[in-house]
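Structure data (compact mmCIF, C-alpha atoms and all ligand atoms) from upload-v4.txt:
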# COMPACT_ATOMS: atom_id res chain seq x y z
CA MET R 9 16.65 33.76 6.17
CA ALA R 10 13.02 32.59 6.46
CA LEU R 11 12.83 28.82 6.29
CA MET R 12 10.52 27.22 3.72
CA PRO R 13 7.19 26.04 5.21
CA VAL R 14 6.50 22.31 5.17
CA VAL R 15 3.55 22.61 2.73
CA ASP R 16 5.67 24.51 0.22
CA ALA R 17 8.48 22.01 0.55
CA LEU R 18 6.07 19.11 -0.05
CA ALA R 19 4.62 20.91 -3.08
CA ALA R 20 8.15 21.36 -4.45
CA VAL R 21 8.97 17.67 -3.94
CA LEU R 22 5.78 16.64 -5.75
CA SER R 23 5.82 19.25 -8.50
CA GLY R 24 5.81 17.64 -11.92
CA ALA R 25 5.84 14.12 -10.46
CA GLN R 26 3.77 11.71 -12.51
CA ALA R 27 2.93 8.03 -12.42
CA LEU R 28 5.70 5.99 -14.02
CA PRO R 29 4.95 4.14 -17.29
CA GLU R 30 3.05 0.88 -17.17
CA GLU R 31 4.43 -2.63 -17.39
CA MET R 32 2.75 -6.04 -17.47
CA VAL R 33 3.26 -8.30 -14.48
CA ALA R 34 2.00 -11.79 -13.70
CA LEU R 35 -0.95 -11.91 -11.31
CA ASP R 36 1.12 -13.38 -8.50
CA LEU R 37 3.49 -10.42 -8.68
CA ALA R 38 0.77 -7.79 -8.90
CA TYR R 39 -0.14 -7.79 -5.20
CA ARG R 40 -0.13 -4.19 -3.88
CA ARG R 41 0.93 -2.83 -7.26
CA ILE R 42 -1.06 0.06 -8.73
CA LEU R 43 -3.29 -0.71 -11.68
CA ALA R 44 -2.43 1.47 -14.68
CA ARG R 45 -5.67 1.04 -16.65
CA ASP R 46 -9.33 0.30 -16.08
CA LEU R 47 -9.94 -3.43 -16.43
CA ALA R 48 -13.08 -4.79 -18.09
CA ALA R 49 -14.05 -8.44 -17.65
CA LEU R 50 -13.04 -10.55 -20.64
CA ARG R 51 -15.80 -13.03 -19.93
CA THR R 52 -19.08 -13.49 -18.11
CA GLN R 53 -19.04 -15.21 -14.73
CA PRO R 54 -20.58 -17.69 -14.42
CA PRO R 55 -20.71 -18.15 -18.16
CA GLN R 56 -23.92 -20.22 -17.90
CA ALA R 57 -26.46 -20.91 -15.17
CA MET R 58 -24.84 -23.29 -12.69
CA SER R 59 -25.88 -25.24 -9.65
CA ALA R 60 -24.90 -23.88 -6.25
CA MET R 61 -25.56 -27.23 -4.53
CA ASP R 62 -25.41 -30.99 -4.91
CA GLY R 63 -28.88 -32.33 -5.78
CA TYR R 64 -31.22 -32.61 -8.76
CA ALA R 65 -32.03 -30.16 -11.56
CA VAL R 66 -35.80 -30.11 -12.00
CA ARG R 67 -38.65 -28.13 -13.56
CA ALA R 68 -40.17 -26.19 -10.67
CA ALA R 69 -43.68 -26.51 -12.18
CA ASP R 70 -43.41 -30.34 -11.96
CA ALA R 71 -41.87 -30.40 -8.52
CA GLY R 72 -44.01 -27.98 -6.52
CA ARG R 73 -44.80 -30.23 -3.56
CA ALA R 74 -43.39 -33.00 -1.37
CA GLY R 75 -44.22 -36.53 -2.46
CA ILE R 76 -43.75 -36.01 -6.17
CA ARG R 77 -41.72 -38.70 -7.90
CA LEU R 78 -39.34 -37.86 -10.77
CA THR R 79 -37.28 -40.04 -13.13
CA VAL R 80 -33.55 -39.35 -13.12
CA THR R 81 -32.38 -39.23 -16.76
CA GLY R 82 -28.74 -38.22 -16.48
CA GLU R 83 -25.96 -36.54 -14.54
CA VAL R 84 -24.11 -33.20 -14.63
CA ALA R 85 -20.89 -32.45 -12.80
CA ALA R 86 -18.58 -29.41 -12.83
CA GLY R 87 -16.89 -29.39 -16.24
CA ARG R 88 -19.15 -32.19 -17.55
CA PRO R 89 -22.41 -30.78 -18.91
CA PHE R 90 -25.43 -32.92 -19.88
CA ASP R 91 -26.59 -32.52 -23.46
CA GLN R 92 -30.28 -33.38 -23.03
CA ALA R 93 -33.17 -31.28 -21.80
CA VAL R 94 -35.08 -32.05 -18.61
CA GLY R 95 -38.61 -33.03 -19.61
CA ALA R 96 -41.86 -33.18 -17.65
CA GLY R 97 -41.61 -35.59 -14.72
CA GLU R 98 -37.81 -35.77 -15.05
CA ALA R 99 -34.81 -34.77 -12.95
CA VAL R 100 -31.06 -34.71 -13.67
CA ARG R 101 -28.51 -35.51 -10.99
CA ILE R 102 -26.34 -32.39 -10.56
CA PHE R 103 -23.30 -31.41 -8.52
CA THR R 104 -22.05 -27.98 -7.43
CA GLY R 105 -20.71 -26.07 -10.42
CA GLY R 106 -22.61 -28.24 -12.91
CA VAL R 107 -24.31 -26.43 -15.80
CA ILE R 108 -28.10 -26.35 -15.39
CA PRO R 109 -29.48 -28.50 -18.23
CA GLU R 110 -32.00 -27.03 -20.64
CA GLY R 111 -35.54 -27.10 -19.31
CA ALA R 112 -34.55 -27.11 -15.63
CA ASP R 113 -35.28 -24.00 -13.55
CA ALA R 114 -34.68 -25.18 -9.98
CA VAL R 115 -32.34 -27.39 -8.01
CA ILE R 116 -33.64 -29.53 -5.20
CA ILE R 117 -30.89 -30.39 -2.76
CA GLN R 118 -30.15 -34.08 -2.30
CA GLU R 119 -31.07 -33.86 1.40
CA ASP R 120 -34.66 -33.12 0.29
CA THR R 121 -35.04 -36.31 -1.76
CA VAL R 122 -35.35 -40.05 -1.26
CA VAL R 123 -33.65 -42.13 -3.96
CA GLU R 124 -35.25 -45.35 -5.22
CA GLY R 125 -33.37 -46.88 -8.14
CA ALA R 126 -33.60 -44.51 -11.11
CA SER R 127 -36.16 -42.22 -9.54
CA ILE R 128 -36.40 -39.77 -6.63
CA THR R 129 -39.23 -38.72 -4.37
CA LEU R 130 -39.21 -35.15 -3.10
CA THR R 131 -39.51 -34.50 0.63
CA GLU R 132 -39.71 -30.73 0.03
CA ALA R 133 -41.17 -28.62 -2.78
CA ALA R 134 -38.74 -27.20 -5.36
CA ILE R 135 -38.74 -23.39 -5.63
CA LEU R 136 -38.30 -21.64 -8.97
CA GLY R 137 -34.67 -20.44 -9.39
CA ARG R 138 -33.56 -21.92 -6.06
CA HIS R 139 -29.87 -22.96 -5.82
CA ILE R 140 -29.18 -21.71 -9.34
CA ARG R 141 -26.42 -19.19 -9.99
CA ARG R 142 -27.65 -17.47 -13.11
CA ALA R 143 -25.24 -16.54 -15.92
CA GLY R 144 -23.46 -13.25 -15.16
CA VAL R 145 -24.60 -13.07 -11.53
CA ASP R 146 -21.00 -12.29 -10.55
CA PHE R 147 -20.10 -10.10 -13.56
CA CYS R 148 -20.64 -9.80 -17.30
CA GLU R 149 -18.14 -9.48 -20.12
CA GLY R 150 -17.24 -5.79 -20.48
CA ASP R 151 -18.02 -4.84 -16.87
CA VAL R 152 -15.27 -2.56 -15.50
CA LEU R 153 -14.53 -4.08 -12.12
CA LEU R 154 -11.07 -2.70 -11.33
CA THR R 155 -10.11 0.89 -12.08
CA ALA R 156 -6.83 2.67 -12.76
CA GLY R 157 -5.04 3.85 -9.63
CA ARG R 158 -6.28 0.97 -7.50
CA CYS R 159 -3.77 -0.63 -5.15
CA LEU R 160 -4.41 -4.30 -5.89
CA THR R 161 -5.57 -6.33 -2.92
CA ASP R 162 -5.31 -10.09 -2.52
CA ARG R 163 -8.98 -10.46 -3.55
CA ASP R 164 -8.45 -8.28 -6.59
CA LEU R 165 -5.93 -10.81 -7.89
CA SER R 166 -8.48 -13.62 -7.83
CA LEU R 167 -11.09 -11.34 -9.36
CA ALA R 168 -8.70 -10.39 -12.18
CA ALA R 169 -7.96 -14.08 -12.72
CA ALA R 170 -11.69 -14.84 -12.97
CA MET R 171 -11.98 -11.94 -15.43
CA ASN R 172 -9.43 -13.98 -17.43
CA TYR R 173 -6.30 -11.82 -17.11
CA PRO R 174 -3.09 -13.82 -16.67
CA ASP R 175 -1.14 -10.61 -16.09
CA LEU R 176 -1.98 -7.01 -15.32
CA PRO R 177 -0.90 -3.54 -16.45
CA VAL R 178 0.60 -1.78 -13.44
CA HIS R 179 2.79 1.28 -13.06
CA ARG R 180 6.49 0.63 -12.87
CA GLN R 181 7.83 0.77 -9.32
CA PRO R 182 10.05 3.73 -8.55
CA LYS R 183 13.67 2.79 -8.08
CA VAL R 184 14.90 4.42 -4.88
CA ALA R 185 18.65 4.50 -4.29
CA LEU R 186 19.81 5.07 -0.73
CA LEU R 187 23.22 6.59 -0.10
CA ALA R 188 24.28 6.93 3.52
CA THR R 189 27.18 9.16 4.51
CA GLY R 190 29.33 9.24 7.60
CA ASP R 191 32.89 8.27 8.58
CA GLU R 192 31.61 7.29 12.01
CA LEU R 193 29.24 4.53 10.87
CA VAL R 194 29.83 0.81 11.32
CA MET R 195 27.39 -1.93 10.39
CA PRO R 196 25.14 -3.60 12.99
CA GLY R 197 26.93 -6.50 14.61
CA GLN R 198 30.35 -4.87 14.40
CA THR R 199 32.15 -3.41 17.40
CA PRO R 200 32.27 0.38 17.06
CA GLY R 201 35.70 1.91 17.68
CA PRO R 202 36.23 5.20 19.54
CA GLY R 203 33.72 7.78 18.32
CA GLN R 204 31.98 5.35 16.00
CA ILE R 205 28.28 4.53 16.04
CA VAL R 206 26.17 1.82 14.50
CA TYR R 207 24.52 2.58 11.16
CA SER R 208 20.77 2.43 11.70
CA ASN R 209 18.92 4.90 9.46
CA GLY R 210 18.79 2.80 6.36
CA TYR R 211 16.79 -0.04 7.86
CA ALA R 212 13.68 2.01 8.61
CA LEU R 213 14.05 4.06 5.43
CA ARG R 214 14.28 1.04 3.18
CA ALA R 215 11.41 -0.78 4.90
CA LEU R 216 9.24 2.34 4.70
CA ALA R 217 10.00 2.91 1.01
CA ARG R 218 9.52 -0.75 0.14
CA ALA R 219 6.19 -0.91 1.94
CA GLU R 220 5.04 2.00 -0.22
CA GLY R 221 5.95 0.14 -3.39
CA ALA R 222 9.50 1.28 -4.15
CA GLU R 223 12.27 -0.94 -5.39
CA ILE R 224 15.38 -0.27 -3.31
CA VAL R 225 18.99 -0.07 -4.39
CA ASP R 226 21.32 0.25 -1.44
CA LEU R 227 24.43 2.25 -2.30
CA GLY R 228 26.03 1.64 1.08
CA ILE R 229 27.87 4.21 3.17
CA ALA R 230 30.00 6.92 1.57
CA ALA R 231 32.95 8.30 3.53
CA ASP R 232 32.76 12.00 4.34
CA THR R 233 34.74 13.06 1.29
CA LEU R 234 33.56 14.98 -1.72
CA GLN R 235 34.82 12.19 -3.95
CA ALA R 236 32.98 9.35 -2.19
CA THR R 237 29.76 11.37 -2.02
CA THR R 238 30.05 12.33 -5.69
CA GLU R 239 30.65 8.72 -6.69
CA GLY R 240 27.49 7.70 -4.86
CA ILE R 241 25.43 10.34 -6.66
CA ARG R 242 26.83 9.21 -10.02
CA ARG R 243 26.04 5.58 -9.30
CA ALA R 244 22.45 6.49 -8.49
CA ARG R 245 22.19 8.38 -11.78
CA ASP R 246 23.85 5.56 -13.75
CA ILE R 247 21.50 2.86 -12.45
CA GLY R 248 18.53 5.04 -13.45
CA ALA R 249 17.25 5.75 -9.95
CA ASP R 250 13.98 7.66 -9.95
CA ILE R 251 14.79 8.91 -6.47
CA LEU R 252 18.13 9.30 -4.77
CA MET R 253 17.76 9.46 -1.03
CA THR R 254 20.87 10.51 0.86
CA SER R 255 21.18 10.37 4.61
CA GLY R 256 23.45 12.57 6.69
CA GLY R 257 25.95 15.18 5.65
CA ALA R 258 23.16 17.64 5.11
CA SER R 259 23.88 20.21 7.79
CA VAL R 260 26.25 23.15 7.74
CA GLY R 261 29.29 21.42 9.29
CA ASP R 262 32.64 21.13 7.51
CA HIS R 263 31.98 17.44 6.90
CA ASP R 264 28.50 17.95 5.49
CA LEU R 265 29.32 17.47 1.86
CA VAL R 266 26.08 16.33 0.31
CA LYS R 267 25.00 19.75 -0.91
CA ARG R 268 28.45 20.52 -2.30
CA ALA R 269 28.55 17.19 -4.12
CA LEU R 270 25.02 17.65 -5.49
CA ASP R 271 25.88 21.16 -6.67
CA ALA R 272 29.03 19.90 -8.35
CA GLU R 273 27.07 17.17 -10.16
CA GLY R 274 24.64 19.74 -11.52
CA VAL R 275 21.68 18.93 -9.28
CA ALA R 276 19.25 21.83 -9.30
CA ILE R 277 18.57 22.37 -5.59
CA ALA R 278 14.94 23.38 -5.03
CA PHE R 279 15.34 23.88 -1.29
CA TRP R 280 17.68 23.22 1.56
CA GLN R 281 16.51 23.70 5.12
CA ILE R 282 12.84 23.88 5.94
CA ALA R 283 10.73 25.11 8.82
CA MET R 284 10.18 21.83 10.60
CA ARG R 285 11.41 19.90 13.61
CA PRO R 286 12.81 17.33 13.44
CA GLY R 287 14.39 17.61 10.01
CA LYS R 288 15.38 21.21 9.37
CA PRO R 289 18.29 20.31 7.03
CA LEU R 290 16.08 18.50 4.50
CA MET R 291 17.23 19.10 0.94
CA HIS R 292 15.58 18.55 -2.40
CA GLY R 293 16.74 18.84 -5.97
CA ARG R 294 16.70 17.22 -9.39
CA LEU R 295 19.25 15.78 -11.73
CA ASP R 296 17.37 15.32 -15.01
CA ALA R 297 14.62 12.79 -14.21
CA MET R 298 16.18 11.78 -10.87
CA ARG R 299 14.70 13.42 -7.82
CA VAL R 300 17.03 13.84 -4.88
CA ILE R 301 15.85 13.90 -1.29
CA GLY R 302 18.70 14.78 1.03
CA LEU R 303 17.70 13.53 4.47
CA PRO R 304 19.29 14.67 7.71
CA GLY R 305 21.55 12.19 9.47
CA ASN R 306 19.83 12.01 12.82
CA PRO R 307 17.77 8.83 12.81
CA VAL R 308 14.49 10.42 13.91
CA SER R 309 14.87 13.34 11.50
CA SER R 310 15.66 11.11 8.56
CA TYR R 311 12.68 8.88 9.26
CA VAL R 312 10.20 11.69 9.86
CA CYS R 313 11.34 13.50 6.69
CA ALA R 314 11.07 10.29 4.67
CA PHE R 315 7.61 9.64 6.11
CA LEU R 316 6.41 13.16 5.26
CA PHE R 317 8.10 13.76 1.90
CA LEU R 318 9.37 10.53 0.39
CA VAL R 319 6.19 8.52 0.99
CA PRO R 320 3.84 10.86 -0.97
CA LEU R 321 6.43 11.08 -3.76
CA ILE R 322 6.71 7.29 -4.03
CA ARG R 323 2.91 7.00 -4.01
CA LYS R 324 2.67 9.56 -6.80
CA LEU R 325 5.26 7.78 -8.96
CA CYS R 326 3.56 4.45 -8.29
CA GLY R 327 0.33 5.88 -9.73
CA ARG R 328 -1.73 5.99 -6.56
CA LEU R 329 -4.63 8.40 -6.48
CA ASN R 330 -4.48 9.17 -2.76
CA ILE R 331 -0.93 10.11 -1.97
CA HIS R 332 -1.22 12.19 1.18
CA HIS R 333 -1.18 11.10 4.79
CA THR R 334 -4.49 11.92 6.42
CA ALA R 335 -4.45 13.72 9.72
CA GLU R 336 -6.76 12.51 12.51
CA SER R 337 -8.13 14.53 15.40
CA ALA R 338 -7.11 13.61 18.91
CA LEU R 339 -6.87 15.17 22.36
CA LEU R 340 -3.58 16.12 23.95
CA GLY R 341 -2.53 13.72 26.69
CA ARG R 342 -0.40 16.38 28.36
CA ALA R 343 0.23 20.12 28.13
CA VAL R 344 2.61 21.41 25.45
CA THR R 345 4.48 24.70 25.31
CA ALA R 346 4.11 27.42 22.66
CA ASN R 347 5.81 26.63 19.35
CA ASP R 348 8.33 28.70 17.40
CA GLN R 349 8.46 29.17 13.61
CA ARG R 350 9.16 25.50 12.87
CA GLN R 351 6.34 23.01 12.34
CA ASP R 352 6.82 20.36 14.98
CA TYR R 353 6.18 16.64 14.61
CA LEU R 354 6.17 15.32 18.16
CA ARG R 355 6.52 11.60 18.64
CA ALA R 356 3.40 10.52 20.52
CA ARG R 357 1.77 7.47 22.09
CA LEU R 358 -1.90 6.83 21.38
CA THR R 359 -4.48 5.56 23.84
CA THR R 360 -8.26 5.40 23.80
CA ARG R 361 -10.09 6.95 26.74
CA GLU R 362 -13.09 5.18 28.28
CA ASP R 363 -15.50 7.44 26.36
CA GLY R 364 -13.76 6.46 23.11
CA ALA R 365 -11.73 9.67 22.65
CA LEU R 366 -8.32 9.23 21.06
CA ILE R 367 -5.56 10.59 23.29
CA ALA R 368 -2.16 11.52 21.89
CA THR R 369 0.58 11.93 24.46
CA PRO R 370 3.94 13.26 23.27
CA VAL R 371 6.85 11.22 24.64
CA ASN R 372 8.93 13.15 27.17
CA HIS R 373 12.13 13.39 25.18
CA GLN R 374 11.88 14.64 21.64
CA ASP R 375 15.57 14.75 20.72
CA SER R 376 16.04 13.74 17.09
CA SER R 377 18.56 11.03 17.90
CA LEU R 378 16.23 8.94 20.09
CA LEU R 379 15.32 5.79 18.20
CA GLY R 380 13.76 4.16 21.26
CA ASN R 381 11.16 6.91 21.46
CA LEU R 382 10.58 6.82 17.72
CA ALA R 383 9.94 3.07 17.82
CA ALA R 384 7.62 3.43 20.82
CA ALA R 385 5.64 6.24 19.15
CA GLN R 386 2.50 5.39 17.23
CA ALA R 387 1.91 8.83 15.77
CA LEU R 388 3.38 12.21 14.96
CA LEU R 389 1.54 15.02 16.71
CA ILE R 390 1.53 18.13 14.52
CA ARG R 391 2.26 21.49 16.10
CA LEU R 392 1.84 24.32 13.62
CA PRO R 393 4.34 27.20 13.53
CA PHE R 394 3.68 29.68 16.36
CA ALA R 395 0.94 27.46 17.86
CA PRO R 396 0.20 28.77 21.38
CA ALA R 397 0.74 26.64 24.47
CA ALA R 398 -2.03 24.06 24.88
CA GLU R 399 -3.44 22.25 27.91
CA ALA R 400 -3.98 18.53 28.28
CA GLY R 401 -7.34 17.70 26.71
CA SER R 402 -7.05 20.29 23.89
CA ALA R 403 -7.71 19.20 20.33
CA CYS R 404 -4.72 18.29 18.19
CA ASP R 405 -3.97 16.66 14.85
CA ILE R 406 -1.92 13.51 14.47
CA LEU R 407 -0.54 11.36 11.68
CA ARG R 408 -0.42 7.67 12.43
CA LEU R 409 2.91 5.99 11.84
CA PRO R 410 3.03 2.55 10.22
CA ALA R 411 1.64 0.11 12.80
CA GLU R 412 3.17 -3.01 14.34
P1 LIG O 1 25.04 14.42 9.90
O1 LIG O 1 23.79 14.96 9.22
O2 LIG O 1 25.87 13.63 8.97
O3 LIG O 1 25.77 15.51 10.58
O4 LIG O 1 24.53 13.42 11.02
C1 LIG O 1 23.81 13.86 12.14
C2 LIG O 1 23.85 12.81 13.23
O5 LIG O 1 23.23 11.63 12.77
C3 LIG O 1 25.25 12.42 13.63
O6 LIG O 1 25.24 12.21 15.03
C4 LIG O 1 25.48 11.13 12.91
O7 LIG O 1 26.39 10.30 13.54
C5 LIG O 1 24.09 10.51 12.89
N1 LIG O 1 23.93 9.65 11.73
C6 LIG O 1 24.18 9.99 10.44
N2 LIG O 1 23.92 8.97 9.63
C7 LIG O 1 23.48 7.96 10.40
C8 LIG O 1 23.06 6.62 10.13
N3 LIG O 1 23.00 6.13 8.89
N4 LIG O 1 22.67 5.86 11.18
C9 LIG O 1 22.70 6.35 12.42
N5 LIG O 1 23.09 7.59 12.73
C10 LIG O 1 23.50 8.40 11.74
MG MG O 2 27.71 13.02 8.88
What is this structure when it is put down as structure tokens?
Amino acid sequence: MALMPVVDALAAVLSGAQALPEEMVALDLAYRRILARDLAALRTQPPQAMSAMDGYAVRAADAGRAGIRLTVTGEVAAGRPFDQAVGAGEAVRIFTGGVIPEGADAVIIQEDTVVEGASITLTEAAILGRHIRRAGVDFCEGDVLLTAGRCLTDRDLSLAAAMNYPDLPVHRQPKVALLATGDELVMPGQTPGPGQIVYSNGYALRALARAEGAEIVDLGIAADTLQATTEGIRRARDIGADILMTSGGASVGDHDLVKRALDAEGVAIAFWQIAMRPGKPLMHGRLDAMRVIGLPGNPVSSYVCAFLFLVPLIRKLCGRLNIHHTAESALLGRAVTANDQRQDYLRARLTTREDGALIATPVNHQDSSLLGNLAAAQALLIRLPFAPAAEAGSACDILRLPAE
């Protein structure tokens, strides 16, 4: 049977996926969440002309040269405006953030004055508009400064606060349930018995999904029985998971029960087994609104599949506009052999040559169980189906993995 190409599998995973409904969250919790609506400023910033420096508010026409003496008639500080106008021959003491009093159109910094009692003498000329932040110089009420689909940065939070929003409309985070399978798995820190290995997959998968904005529910490790696997699937459905991610049990062995359990629970399987390496036994289906991604058990396969398929799906549900990984061009650091029908994702190290060229060198051992090589890799080097052998120095495409 012809295996499904990676692009078709990705299209199937994303088909019909839409941004989840919006919810309001406090500013402090909105970091890296995806804005659900365009946001217009609720006020003008600054609301009135304000001083940018400590000094004196003056009329530029009366203060156009050094040596001029002005009478100080009052004081303005941030939050404490002065209710009288500045007249001819007058100045008002002002501090940073103070509202420019009526009549004044320049600020002379205090370093450019000599104070004598209630008057000042200028040592520099005042310049019209100097050191004044005019009303609305930052933004005006109604200005749309943040748009739907934006992943909110740290600076965006302060901007939204200044726009006078105490909380923000963001898309709900997808709830991703992770169900591991395998009789042989023991938790890190335990001593594996004969034939047992340490459970590792979930750590990278959860961190990856969380970094993309998912909320994780860990359903633990199901024994390799139909009943335990089925129970895990039901729990995911009952907690309202948007995505159920299973790991292991996805191959064709007698103990690979995930597909049987999904079938029995009425999951409509869209595909099982795709033309890629690592990760051929990837599975995808739906149970009502819950999307199921059945990941292979091998640690490298499960991670690469999650990186390629789960990440864009999470981004889509989160409401992001750009959901796809972007490939970069590089040069092969060593020769590679001709490829077969499966799209290959070689784990590769990246270096920069003296002339600035990006070099991607596949690690020597590409077995899908090798976590050391996966952790050392900085990128996946894409080899298309039936790509011919290529020499060192040939062009290639890479996807960067999440960095240190
Ligand atoms: P399976 O798809 O269940 O046949 O698993 C394939 C390989 O991956 C087997 O060698 C498993 O022991 C291993 N494996 C499965 N799940 C995990 C896991 N959570 N952590 C580490 N290795 C796993
Ligand atoms: Mg297994």
* Using only C-alpha atoms and all ligand atoms, find each residue with an atom at most 9 Å away from ligand MG 2 (chain O) and format the answer as a list of chain:residue names. =>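 With only C-alpha atoms and all ligand atoms and a cut-off of 9 Å, ligand MG 2 (chain O) is contacted by R:Ala188, R:Thr189, R:Gly190, R:Asp191, R:Glu192, R:Leu193, R:Ala231, R:Asp232, R:Ser255, R:Gly256, R:Gly257, R:Ala258, R:Ser259, R:Gly261, R:His263, R:Asp264, R:Leu265, R:Pro304, R:Gly305, R:Asn306.
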Next item on the list: Could you check how far atom CA of Gln181 of chain R sits from atom CA of Ala269 of chain R, in Å to one decimal?
Entry: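 Value for the atom CA of Gln181 of chain R-atom CA of Ala269 of chain R distance: 26.9 Å.
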Counting all atoms listed in the file, the residue among R:Ala133, R:Ala126, R:Leu37, R:Leu290 that lies closest to ligand LIG 1 (chain O) is R:Leu290
Can you write out as a tab-separated table which residues of segment 308-385 of chain R fall within 10 Å of segment 216-222 of chain R, alongside each residue's closest atom pair and its distance in Å to one decimal, counting only C-alpha atoms and ordering rows by chain and ascending residue number?
residue	atom	partner	partner_atom	distance
R:Tyr311	CA	R:Leu216	CA	8.7
R:Ala314	CA	R:Leu216	CA	8.2
R:Phe315	CA	R:Leu216	CA	7.6
R:Leu318	CA	R:Ala217	CA	7.7
R:Val319	CA	R:Glu220	CA	6.7
R:Pro320	CA	R:Glu220	CA	9.0
R:Leu321	CA	R:Glu220	CA	9.8
R:Ile322	CA	R:Ala222	CA	6.6
R:Arg323	CA	R:Glu220	CA	6.6
R:Leu325	CA	R:Ala222	CA	9.1
R:Cys326	CA	R:Gly221	CA	6.9
- Name the residues, using the chain letters and numbers of the file, that sit within 6 Å of (2.6, 13.4, 25.8) when counting all atoms listed in the file, and give them as a ChimeraX atom specification. /R:341-342,369-371
- Message: Neighbouring residues of segment 394-397 of chain R were defined as those with any atom within 8 Å, considering all atoms listed in the file; residues of the same chain fewer than 5 positions away were excluded. Please report them as a list in words.
- Response: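 With the cut-off at 8 Å, the set is Ala343, Val344, Thr345, Ala346, Asn347, Asp348, Gln349 and Arg350 of chain R.
Residues surrounding Ala185 of chain R within 7 Å are Ile224, Val225, Asp226, Leu227, Ala244, Ala249, Ile251, Leu252 and Met253 of chain R [only C-alpha atoms; sequence separation below 4 positions excluded].
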Can you write just those residues out, C-alpha atoms, as a short mmCIF file (atom, residue, chain, number, x, y, z; two decimals), in the coordinates of the input?
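Result file follows (out16.cif):
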data_model
loop_
_atom_site.label_atom_id
_atom_site.label_comp_id
_atom_site.auth_asym_id
_atom_site.auth_seq_id
_atom_site.Cartn_x
_atom_site.Cartn_y
_atom_site.Cartn_z
CA ILE R 224 15.38 -0.27 -3.31
CA VAL R 225 18.99 -0.07 -4.39
CA ASP R 226 21.32 0.25 -1.44
CA LEU R 227 24.43 2.25 -2.30
CA ALA R 244 22.45 6.49 -8.49
CA ALA R 249 17.25 5.75 -9.95
CA ILE R 251 14.79 8.91 -6.47
CA LEU R 252 18.13 9.30 -4.77
CA MET R 253 17.76 9.46 -1.03
#
Between atom CA of Arg40 of chain R and atom CA of Leu160 of chain R lies a distance of 4.7 Å
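Comparing R:Ala34, R:Ile140, R:Ala96, R:Val308 by their smallest distance to Asp175 of chain R, the closest is R:Ala34 (using all atoms listed in the file).
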Show me, as a list in words, the residues that have an atom within 10 Å of segment 82-94 of chain R when counting all atoms listed in the file, minus same-chain residues fewer than 3 positions from it.
Met58, Ser59, Asp62, Tyr64, Ala65, Val66, Arg67, Thr79, Gly97, Glu98, Ala99, Val100, Arg101, Ile102, Phe103, Thr104, Gly105, Gly106, Val107, Ile108, Pro109, Glu110, Gly111, Ala112, Asp113 and Ala126 of chain R
Mind dumping the selected residues with C-alpha atoms as a tab-separated table (two decimals), keeping the file's coordinate frame?
chain	number	residue	atom	x	y	z
R	58	MET	CA	-24.84	-23.29	-12.69
R	59	SER	CA	-25.88	-25.24	-9.65
R	62	ASP	CA	-25.41	-30.99	-4.91
R	64	TYR	CA	-31.22	-32.61	-8.76
R	65	ALA	CA	-32.03	-30.16	-11.56
R	66	VAL	CA	-35.80	-30.11	-12.00
R	67	ARG	CA	-38.65	-28.13	-13.56
R	79	THR	CA	-37.28	-40.04	-13.13
R	97	GLY	CA	-41.61	-35.59	-14.72
R	98	GLU	CA	-37.81	-35.77	-15.05
R	99	ALA	CA	-34.81	-34.77	-12.95
R	100	VAL	CA	-31.06	-34.71	-13.67
R	101	ARG	CA	-28.51	-35.51	-10.99
R	102	ILE	CA	-26.34	-32.39	-10.56
R	103	PHE	CA	-23.30	-31.41	-8.52
R	104	THR	CA	-22.05	-27.98	-7.43
R	105	GLY	CA	-20.71	-26.07	-10.42
R	106	GLY	CA	-22.61	-28.24	-12.91
R	107	VAL	CA	-24.31	-26.43	-15.80
R	108	ILE	CA	-28.10	-26.35	-15.39
R	109	PRO	CA	-29.48	-28.50	-18.23
R	110	GLU	CA	-32.00	-27.03	-20.64
R	111	GLY	CA	-35.54	-27.10	-19.31
R	112	ALA	CA	-34.55	-27.11	-15.63
R	113	ASP	CA	-35.28	-24.00	-13.55
R	126	ALA	CA	-33.60	-44.51	-11.11
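From atom CA of Gln56 of chain R back to atom CA of Gly95 of chain R, the distance works out to 19.6 Å.
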Closest of R:Gly380, R:Gly228, R:Gly137, R:Gly24 to ligand LIG 1 (chain O), counting only C-alpha atoms and all ligand atoms, is R:Gly228
TODO: Find the residues around Ser166 of chain R up to 12 Å (all atoms listed in the file counted), leave out those fewer than 2 positions away in its own chain, and share them as a ChimeraX atom specification.
DONE: /R:35-36,38-39,154,160-164,168-176
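Restricting the calculation to only C-alpha atoms, the smallest distance between Gly157 of chain R and any of R:Ser23, R:Asn330, R:Asn372, R:Ser402 is found for R:Asn330.
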For ligand LIG 1 (chain O), which residue out of R:Leu389, R:Cys159, R:Met284, R:Val260 is the nearest one, using all atoms listed in the file?
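When distances to ligand LIG 1 (chain O) are compared using all atoms listed in the file, the smallest one comes from R:Val260.
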If you count only C-alpha atoms, the residue of R:Ala365, R:Ala19, R:Ala49, R:Leu354 closest to Leu388 of chain R turns out to be R:Leu354
Could you work out an axis-aligned bounding box for all listed atoms of segment 51-60 of chain R, with 4 Å added on each of the six sides, and give its centre and edge lengths in Å to one decimal, as lines of an AutoDock Vina configuration file?
center_x = -21.1
center_y = -19.1
center_z = -13.1
size_x = 18.7
size_y = 20.2
size_z = 21.7
Margin query: Counting all atoms listed in the file, find residues at most 12 Å from (21.0, 0.2, 15.6) (file frame) and give them as a ChimeraX atom specification.
Written below: /R:193-200,205-212,307,377-380,383
